[in-house]
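Novice: Below is a structure I'd like to ask you about.
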Amino acid sequence: MSDGARSLDQVRALVVRGLRPERREVEQAIWERIRDAVPAAGDSGTSEYEAGQLEAISAIVSYSLDAIARGPDWSGPIPGPAAVQARRAARLGVSLGTVQRRYFAGHREFGEFVARELERSGFSNDGEVIHHLRRTQEALLEHVTAAIEREYEHEHELLKGSRRSEIVQRLLVGEQVDEIDLAALDYDVRASCHIGIVASGADVGEIVRRLRGTYPRKSLSVHLDGRTCLWLSVQAIDVRLLSLDGADDITLAVGEAGTNLDGWRLTYSQARAAFAVAARKAEKIAWYADHRLLAAALENETLARSLTQKYLIPLSGTSDGVKLRRTLRTYIELQCNATSAAHRLRIGRHTVEGRIHAVEQLIGCPLRTCLPELAVALRLDELSHVDERCP
């Protein structure tokens, strides 16, 4: 370290050593300067806010002394009371501009104490020292105000999101919402097209950003019941935007396109129903259009139990039940083509036909009369159990 650098370190240490005993006086002066320069305009004149401001001032003074001692290149995290006060300001409706002006006023007052300490220490005419201390304080101010702004904006976004969620919940249950609240959504719920999405997972924010970036001003996202709910005012979604590659924890479901407010509600309900399917699938994504009956069965316990009683229990009551279910799934998936099913299962066509006939005997009706219900019953069974792979 050069003599000059060592000398500046010593000067900073000397200034801090001289100011620390005067901390209470410094804090009081800053409080009075802020109060006079940027008075409360009815928004922050609460005892809670004023107590928080005094605590924040005390924490920032200590932080500032530490910052001066360490030099202009140091930038540790701002103290907790200052971050809390910034978030409190956002909640109480204090403007960010007001918060920033108070920090500027406090910074000026603190700077005057630093200048007096320099004068008392005999450095008031040392240009290098004055420039260095000024640079140190400017770096401190930039760092603190930037951090305060981030805290404020984060809380502000949370508040906006909370209000949007409350408005959305009212709309979903059919309550009347005035035009001011509707405008706060920044989304036209009466638009001619909507597609709803329900998702969860630590990385779901990346998909939301991807979709909102592709469809700017045509999207609305809120958090309901611990899940992210998103509406897009589009007729169709580019499926590539919903890629879950590298995000194994995401579960995502998509409703069908809907029209106007009723369609906005319906596509959300569809996505919510399809979410139960997605949560049970290996790939963790489900489109309601592909799983309407299965989603309904998962939502309706009576339906699910009825399908199980009618179709699954008879098949489970035989020693060949695993083979029959496996053959039946493949047969239905391949449009009831026995030859194609035999080829995939690597068995004879007559074996497939024999198994299908056995299924019809067990359930008591021809497959052609109950295919949709039987397919849903098999999917319920598949989602509930590990499928034994048996030809």
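In the structure tokens, chains take letters A, B, ... by order of appearance, with residues numbered from 1 within each chain and ligands from 1 in the order shown.
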Mind checking DSSP for range 193-238 of chain A and telling me the strand (DSSP E) residues as number ranges by chain?
Specialist: A: 195-200, 219-224, 227-232
Novice: Just the selected residues (N, CA and C atoms), exported as a CSV table (one decimal), in the first residue's frame, please.
Specialist:
chain,number,residue,atom,x,y,z
A,195,ILE,N,-57.0,-17.3,-22.9
A,195,ILE,CA,-56.6,-18.6,-22.6
A,195,ILE,C,-56.0,-18.5,-21.2
A,196,GLY,N,-56.5,-19.4,-20.3
A,196,GLY,CA,-56.0,-19.4,-18.9
A,196,GLY,C,-55.0,-20.5,-18.7
A,197,ILE,N,-54.0,-20.2,-17.8
A,197,ILE,CA,-53.0,-21.1,-17.4
A,197,ILE,C,-52.8,-21.1,-15.9
A,198,VAL,N,-52.7,-22.2,-15.3
A,198,VAL,CA,-52.4,-22.4,-13.9
A,198,VAL,C,-51.1,-23.2,-13.7
A,199,ALA,N,-50.2,-22.6,-12.9
A,199,ALA,CA,-48.9,-23.3,-12.8
A,199,ALA,C,-48.4,-23.1,-11.4
A,200,SER,N,-47.4,-24.0,-11.0
A,200,SER,CA,-46.7,-23.8,-9.7
A,200,SER,C,-45.3,-24.3,-9.9
A,219,SER,N,-51.6,-9.8,-21.2
A,219,SER,CA,-51.5,-10.8,-20.2
A,219,SER,C,-51.8,-10.3,-18.8
A,220,LEU,N,-52.3,-11.2,-18.0
A,220,LEU,CA,-52.6,-10.8,-16.6
A,220,LEU,C,-52.1,-12.0,-15.7
A,221,SER,N,-51.3,-11.8,-14.7
A,221,SER,CA,-50.9,-12.8,-13.8
A,221,SER,C,-51.1,-12.4,-12.4
A,222,VAL,N,-51.6,-13.4,-11.6
A,222,VAL,CA,-51.8,-13.2,-10.2
A,222,VAL,C,-51.5,-14.5,-9.5
A,223,HIS,N,-51.4,-14.4,-8.1
A,223,HIS,CA,-51.2,-15.6,-7.3
A,223,HIS,C,-52.5,-15.9,-6.6
A,224,LEU,N,-53.0,-17.1,-6.8
A,224,LEU,CA,-54.2,-17.6,-6.1
A,224,LEU,C,-54.0,-19.0,-5.5
A,227,ARG,N,-50.7,-20.7,-6.2
A,227,ARG,CA,-50.4,-21.0,-7.6
A,227,ARG,C,-50.3,-19.7,-8.4
A,228,THR,N,-49.6,-19.8,-9.5
A,228,THR,CA,-49.6,-18.7,-10.4
A,228,THR,C,-50.7,-18.9,-11.5
A,229,CYS,N,-51.5,-17.9,-11.6
A,229,CYS,CA,-52.6,-17.9,-12.6
A,229,CYS,C,-52.4,-16.8,-13.6
A,230,LEU,N,-52.4,-17.3,-14.9
A,230,LEU,CA,-52.1,-16.3,-16.0
A,230,LEU,C,-53.2,-16.4,-17.0
A,231,TRP,N,-53.6,-15.2,-17.5
A,231,TRP,CA,-54.5,-15.2,-18.7
A,231,TRP,C,-53.8,-14.5,-19.8
A,232,LEU,N,-54.0,-15.0,-21.0
A,232,LEU,CA,-53.4,-14.4,-22.2
A,232,LEU,C,-54.6,-14.1,-23.2
Novice: Just the residues within 9 Å of Leu328 in chain A, please, counting only C-alpha atoms, with nothing from its chain fewer than 2 positions along; format it as a PyMOL selection string.
Specialist: chain A and resi 323-326+330-333+336+341+352+355-356+359+375+378
Novice: Write the residues of the preceding selection, restricted to N, CA and C atoms, as a CSV table (one decimal), in the first residue's frame.
Specialist:
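The new file part-v3.csv reads:
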chain,number,residue,atom,x,y,z
A,323,LYS,N,-52.4,-57.8,-17.6
A,323,LYS,CA,-52.3,-58.0,-19.1
A,323,LYS,C,-53.5,-57.4,-19.8
A,324,LEU,N,-54.7,-57.6,-19.2
A,324,LEU,CA,-55.9,-57.0,-19.8
A,324,LEU,C,-55.9,-55.5,-19.9
A,325,ARG,N,-55.5,-54.9,-18.7
A,325,ARG,CA,-55.4,-53.4,-18.7
A,325,ARG,C,-54.4,-52.9,-19.7
A,326,ARG,N,-53.3,-53.5,-19.8
A,326,ARG,CA,-52.2,-53.1,-20.7
A,326,ARG,C,-52.7,-53.2,-22.1
A,330,THR,N,-53.6,-50.0,-24.9
A,330,THR,CA,-52.9,-49.9,-26.2
A,330,THR,C,-54.0,-50.0,-27.3
A,331,TYR,N,-54.9,-50.9,-27.2
A,331,TYR,CA,-56.0,-51.0,-28.1
A,331,TYR,C,-56.8,-49.7,-28.3
A,332,ILE,N,-57.2,-49.1,-27.2
A,332,ILE,CA,-57.9,-47.8,-27.3
A,332,ILE,C,-57.0,-46.7,-27.9
A,333,GLU,N,-55.8,-46.7,-27.5
A,333,GLU,CA,-54.9,-45.6,-28.0
A,333,GLU,C,-54.7,-45.7,-29.5
A,336,CYS,N,-58.7,-48.7,-31.6
A,336,CYS,CA,-59.3,-50.0,-31.5
A,336,CYS,C,-58.9,-50.9,-32.7
A,341,ALA,N,-52.3,-52.9,-32.4
A,341,ALA,CA,-52.1,-53.2,-30.9
A,341,ALA,C,-51.2,-54.4,-30.8
A,352,VAL,N,-54.9,-60.4,-28.9
A,352,VAL,CA,-55.5,-59.1,-28.6
A,352,VAL,C,-57.0,-59.2,-28.6
A,355,ARG,N,-58.3,-61.1,-25.6
A,355,ARG,CA,-58.2,-60.3,-24.4
A,355,ARG,C,-59.4,-59.2,-24.4
A,356,ILE,N,-59.6,-58.6,-25.5
A,356,ILE,CA,-60.7,-57.6,-25.6
A,356,ILE,C,-62.0,-58.3,-25.3
A,359,VAL,N,-62.4,-58.8,-21.7
A,359,VAL,CA,-62.7,-57.5,-21.0
A,359,VAL,C,-64.2,-57.2,-21.1
A,375,ALA,N,-61.9,-45.4,-21.1
A,375,ALA,CA,-60.6,-44.8,-21.3
A,375,ALA,C,-60.3,-43.9,-20.1
A,378,LEU,N,-59.3,-46.1,-17.1
A,378,LEU,CA,-57.9,-46.6,-17.3
A,378,LEU,C,-56.9,-45.5,-17.0
Novice: In Å, how far is it from CA of Thr145 in chain A to CA of Trp31 in chain A?
Specialist: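 CA of Thr145 in chain A sits 17.2 Å away from CA of Trp31 in chain A.
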Novice: If we count only C-alpha atoms and set the cut-off at 12 Å, which residues sit around Asn125 in chain A, ignoring sequence neighbours fewer than 6 positions away in its own chain? Please answer as a PDB file with N, CA and C atoms, in the first residue's frame.
Specialist:
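The resulting file, part_32.pdb, is shown below:
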ATOM      1  N   ALA A 115     -17.592  17.270   7.288  1.00  0.00           N
ATOM      2  CA  ALA A 115     -16.781  18.448   6.969  1.00  0.00           C
ATOM      3  C   ALA A 115     -16.261  19.116   8.243  1.00  0.00           C
ATOM      4  N   ARG A 116     -17.113  19.202   9.267  1.00  0.00           N
ATOM      5  CA  ARG A 116     -16.681  19.828  10.521  1.00  0.00           C
ATOM      6  C   ARG A 116     -15.593  18.987  11.197  1.00  0.00           C
ATOM      7  N   LEU A 118     -13.450  17.114   9.609  1.00  0.00           N
ATOM      8  CA  LEU A 118     -12.220  17.333   8.833  1.00  0.00           C
ATOM      9  C   LEU A 118     -11.546  18.633   9.261  1.00  0.00           C
ATOM     10  N   GLU A 119     -12.356  19.655   9.449  1.00  0.00           N
ATOM     11  CA  GLU A 119     -11.819  20.944   9.869  1.00  0.00           C
ATOM     12  C   GLU A 119     -11.189  20.834  11.262  1.00  0.00           C
ATOM     13  N   HIS A 131     -11.494  15.582  -1.598  1.00  0.00           N
ATOM     14  CA  HIS A 131     -12.009  14.874  -2.779  1.00  0.00           C
ATOM     15  C   HIS A 131     -12.280  13.405  -2.462  1.00  0.00           C
TER      16      HIS A 131
END
Novice: Per DSSP on the backbone, what are the helix (DSSP H, G or I) residues of range 29-63 of chain A, as number ranges by chain?
Specialist: A: 29-37, 47-63
Novice: Kindly save the residues from that selection, with C-alpha atoms included, as a compact mmCIF listing (two decimals), in the first residue's frame.
Specialist:
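Final output, saved to part.txt:
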# COMPACT_ATOMS: atom_id res chain seq x y z
CA ALA A 29 -29.71 16.63 13.44
CA ILE A 30 -30.51 14.39 10.49
CA TRP A 31 -34.01 13.77 11.85
CA GLU A 32 -34.66 17.50 12.19
CA ARG A 33 -33.20 18.21 8.73
CA ILE A 34 -35.45 15.59 7.14
CA ARG A 35 -38.49 16.79 9.04
CA ASP A 36 -37.95 20.40 7.96
CA ALA A 37 -36.78 19.75 4.40
CA SER A 47 -46.31 6.93 14.93
CA GLU A 48 -45.30 3.64 13.31
CA TYR A 49 -43.70 5.40 10.36
CA GLU A 50 -41.92 8.02 12.49
CA ALA A 51 -40.56 5.36 14.87
CA GLY A 52 -39.36 3.39 11.87
CA GLN A 53 -37.71 6.46 10.40
CA LEU A 54 -35.79 7.14 13.62
CA GLU A 55 -34.63 3.51 13.71
CA ALA A 56 -33.62 3.68 10.03
CA ILE A 57 -31.67 6.91 10.59
CA SER A 58 -29.75 5.33 13.47
CA ALA A 59 -28.95 2.24 11.40
CA ILE A 60 -27.89 4.28 8.36
CA VAL A 61 -25.62 6.52 10.45
CA SER A 62 -23.81 3.47 11.82
CA TYR A 63 -23.68 2.01 8.32
Novice: I'd like the contact shell of Arg170 in chain A - 12 Å cut-off, only C-alpha atoms, skipping same-chain residues fewer than 5 positions apart - returned as a list in words.
Specialist: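 Residues near the query, excluding close chain neighbours: Arg163, Arg164, Ser165, Glu175, Gln176, Val177, Asp178, Asp181, Leu182, Leu224 and Arg265 of chain A.
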Novice: Generate a file of the selected residues that holds N, CA and C atoms, formatted as a PDB file, in the first residue's frame.
Specialist:
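And here's out_16.pdb as it stands now:
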ATOM      1  N   ARG A 163     -53.467  -6.483  -4.766  1.00  0.00           N
ATOM      2  CA  ARG A 163     -54.718  -5.839  -5.175  1.00  0.00           C
ATOM      3  C   ARG A 163     -55.300  -6.522  -6.407  1.00  0.00           C
ATOM      4  N   ARG A 164     -54.435  -6.858  -7.371  1.00  0.00           N
ATOM      5  CA  ARG A 164     -54.917  -7.545  -8.571  1.00  0.00           C
ATOM      6  C   ARG A 164     -55.533  -8.896  -8.198  1.00  0.00           C
ATOM      7  N   SER A 165     -54.889  -9.603  -7.267  1.00  0.00           N
ATOM      8  CA  SER A 165     -55.422 -10.896  -6.854  1.00  0.00           C
ATOM      9  C   SER A 165     -56.801 -10.750  -6.236  1.00  0.00           C
ATOM     10  N   GLU A 175     -68.749 -11.358  -8.638  1.00  0.00           N
ATOM     11  CA  GLU A 175     -69.053 -10.062  -8.033  1.00  0.00           C
ATOM     12  C   GLU A 175     -68.912  -8.937  -9.053  1.00  0.00           C
ATOM     13  N   GLN A 176     -69.642  -7.860  -8.815  1.00  0.00           N
ATOM     14  CA  GLN A 176     -69.511  -6.672  -9.635  1.00  0.00           C
ATOM     15  C   GLN A 176     -68.235  -5.921  -9.259  1.00  0.00           C
ATOM     16  N   VAL A 177     -67.473  -5.507 -10.257  1.00  0.00           N
ATOM     17  CA  VAL A 177     -66.225  -4.767 -10.034  1.00  0.00           C
ATOM     18  C   VAL A 177     -66.300  -3.474 -10.817  1.00  0.00           C
ATOM     19  N   ASP A 178     -65.998  -2.345 -10.155  1.00  0.00           N
ATOM     20  CA  ASP A 178     -66.127  -1.061 -10.849  1.00  0.00           C
ATOM     21  C   ASP A 178     -64.993  -0.865 -11.857  1.00  0.00           C
ATOM     22  N   ASP A 181     -61.288  -0.418 -10.624  1.00  0.00           N
ATOM     23  CA  ASP A 181     -60.599  -1.659 -10.280  1.00  0.00           C
ATOM     24  C   ASP A 181     -60.272  -2.473 -11.524  1.00  0.00           C
ATOM     25  N   LEU A 182     -61.167  -2.483 -12.476  1.00  0.00           N
ATOM     26  CA  LEU A 182     -60.878  -3.207 -13.719  1.00  0.00           C
ATOM     27  C   LEU A 182     -59.659  -2.613 -14.420  1.00  0.00           C
ATOM     28  N   LEU A 224     -53.030 -17.129  -6.763  1.00  0.00           N
ATOM     29  CA  LEU A 224     -54.242 -17.575  -6.083  1.00  0.00           C
ATOM     30  C   LEU A 224     -53.995 -18.961  -5.499  1.00  0.00           C
ATOM     31  N   ARG A 265     -63.568 -16.502 -17.208  1.00  0.00           N
ATOM     32  CA  ARG A 265     -63.774 -17.327 -16.013  1.00  0.00           C
ATOM     33  C   ARG A 265     -63.636 -18.812 -16.350  1.00  0.00           C
TER      34      ARG A 265
END
Novice: Leaving out Arg70 in chain A and any residue of its chain fewer than 4 positions from it, which residues lie within 8 Å of it when counting only C-alpha atoms, given as a ChimeraX atom specification?
Specialist: /A:9,66,74
Novice: Can I get the selected residues back with N, CA and C atoms, as an mmCIF file, in the first residue's frame?
Specialist:
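So the final result, stored in selection11.cif, reads:
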data_model
loop_
_atom_site.group_PDB
_atom_site.id
_atom_site.type_symbol
_atom_site.label_atom_id
_atom_site.label_comp_id
_atom_site.auth_asym_id
_atom_site.auth_seq_id
_atom_site.Cartn_x
_atom_site.Cartn_y
_atom_site.Cartn_z
ATOM 1 N N ASP A 9 -6.458 6.209 4.403
ATOM 2 C CA ASP A 9 -7.074 5.269 5.341
ATOM 3 C C ASP A 9 -7.040 5.834 6.762
ATOM 4 N N ASP A 66 -19.301 3.051 9.077
ATOM 5 C CA ASP A 66 -18.571 1.855 8.647
ATOM 6 C C ASP A 66 -18.101 2.002 7.204
ATOM 7 N N TRP A 74 -16.245 -0.014 -0.893
ATOM 8 C CA TRP A 74 -17.011 -0.971 -0.104
ATOM 9 C C TRP A 74 -18.505 -0.723 -0.276
#
Novice: So how far away is CA of Leu293 in chain A from CA of Leu362 in chain A, in Å?
Specialist: 22.9 Å
Novice: Go through A:Ala276, A:Ala90, A:Val114, A:Ala257 one by one, measure the shortest atom-to-atom distance of each to Ala297 in chain A using only C-alpha atoms, and give the residue with the smallest value.
Specialist: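 Of all the options, A:Ala276 lies closest to Ala297 in chain A.
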Novice: When distances are computed from only C-alpha atoms, which of A:Glu149, A:Ser340, A:Tyr311, A:Phe275 shows the smallest separation from Leu367 in chain A?
Specialist: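 Checking each of A:Glu149, A:Ser340, A:Tyr311, A:Phe275 against Leu367 in chain A, counting only C-alpha atoms, the winner is A:Tyr311.
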Novice: Write out as a list in words the residues lying within 6 Å of range 11-24 of chain A, counting only C-alpha atoms and excluding same-chain residues fewer than 2 positions away.
Specialist: Leu8, Asp9, Val26, Glu27, Leu65 and Ala69 of chain A
Novice: May I have the selected residues written with C-alpha atoms, as a compact mmCIF listing (two decimals), in the first residue's frame?
Specialist:
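Listing of again15.txt after writing:
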# COMPACT_ATOMS: atom_id res chain seq x y z
CA LEU A 8 -6.22 8.39 3.35
CA ASP A 9 -7.07 5.27 5.34
CA VAL A 26 -25.79 13.39 14.32
CA GLU A 27 -28.96 11.28 14.30
CA LEU A 65 -19.53 5.42 9.52
CA ALA A 69 -13.93 3.60 7.49
Novice: Take CA of Ser233 in chain A and CA of Leu266 in chain A and report the distance between them in Å, one decimal.
Specialist: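 Taking CA of Ser233 in chain A as the start and CA of Leu266 in chain A as the end point, the length is 13.7 Å.
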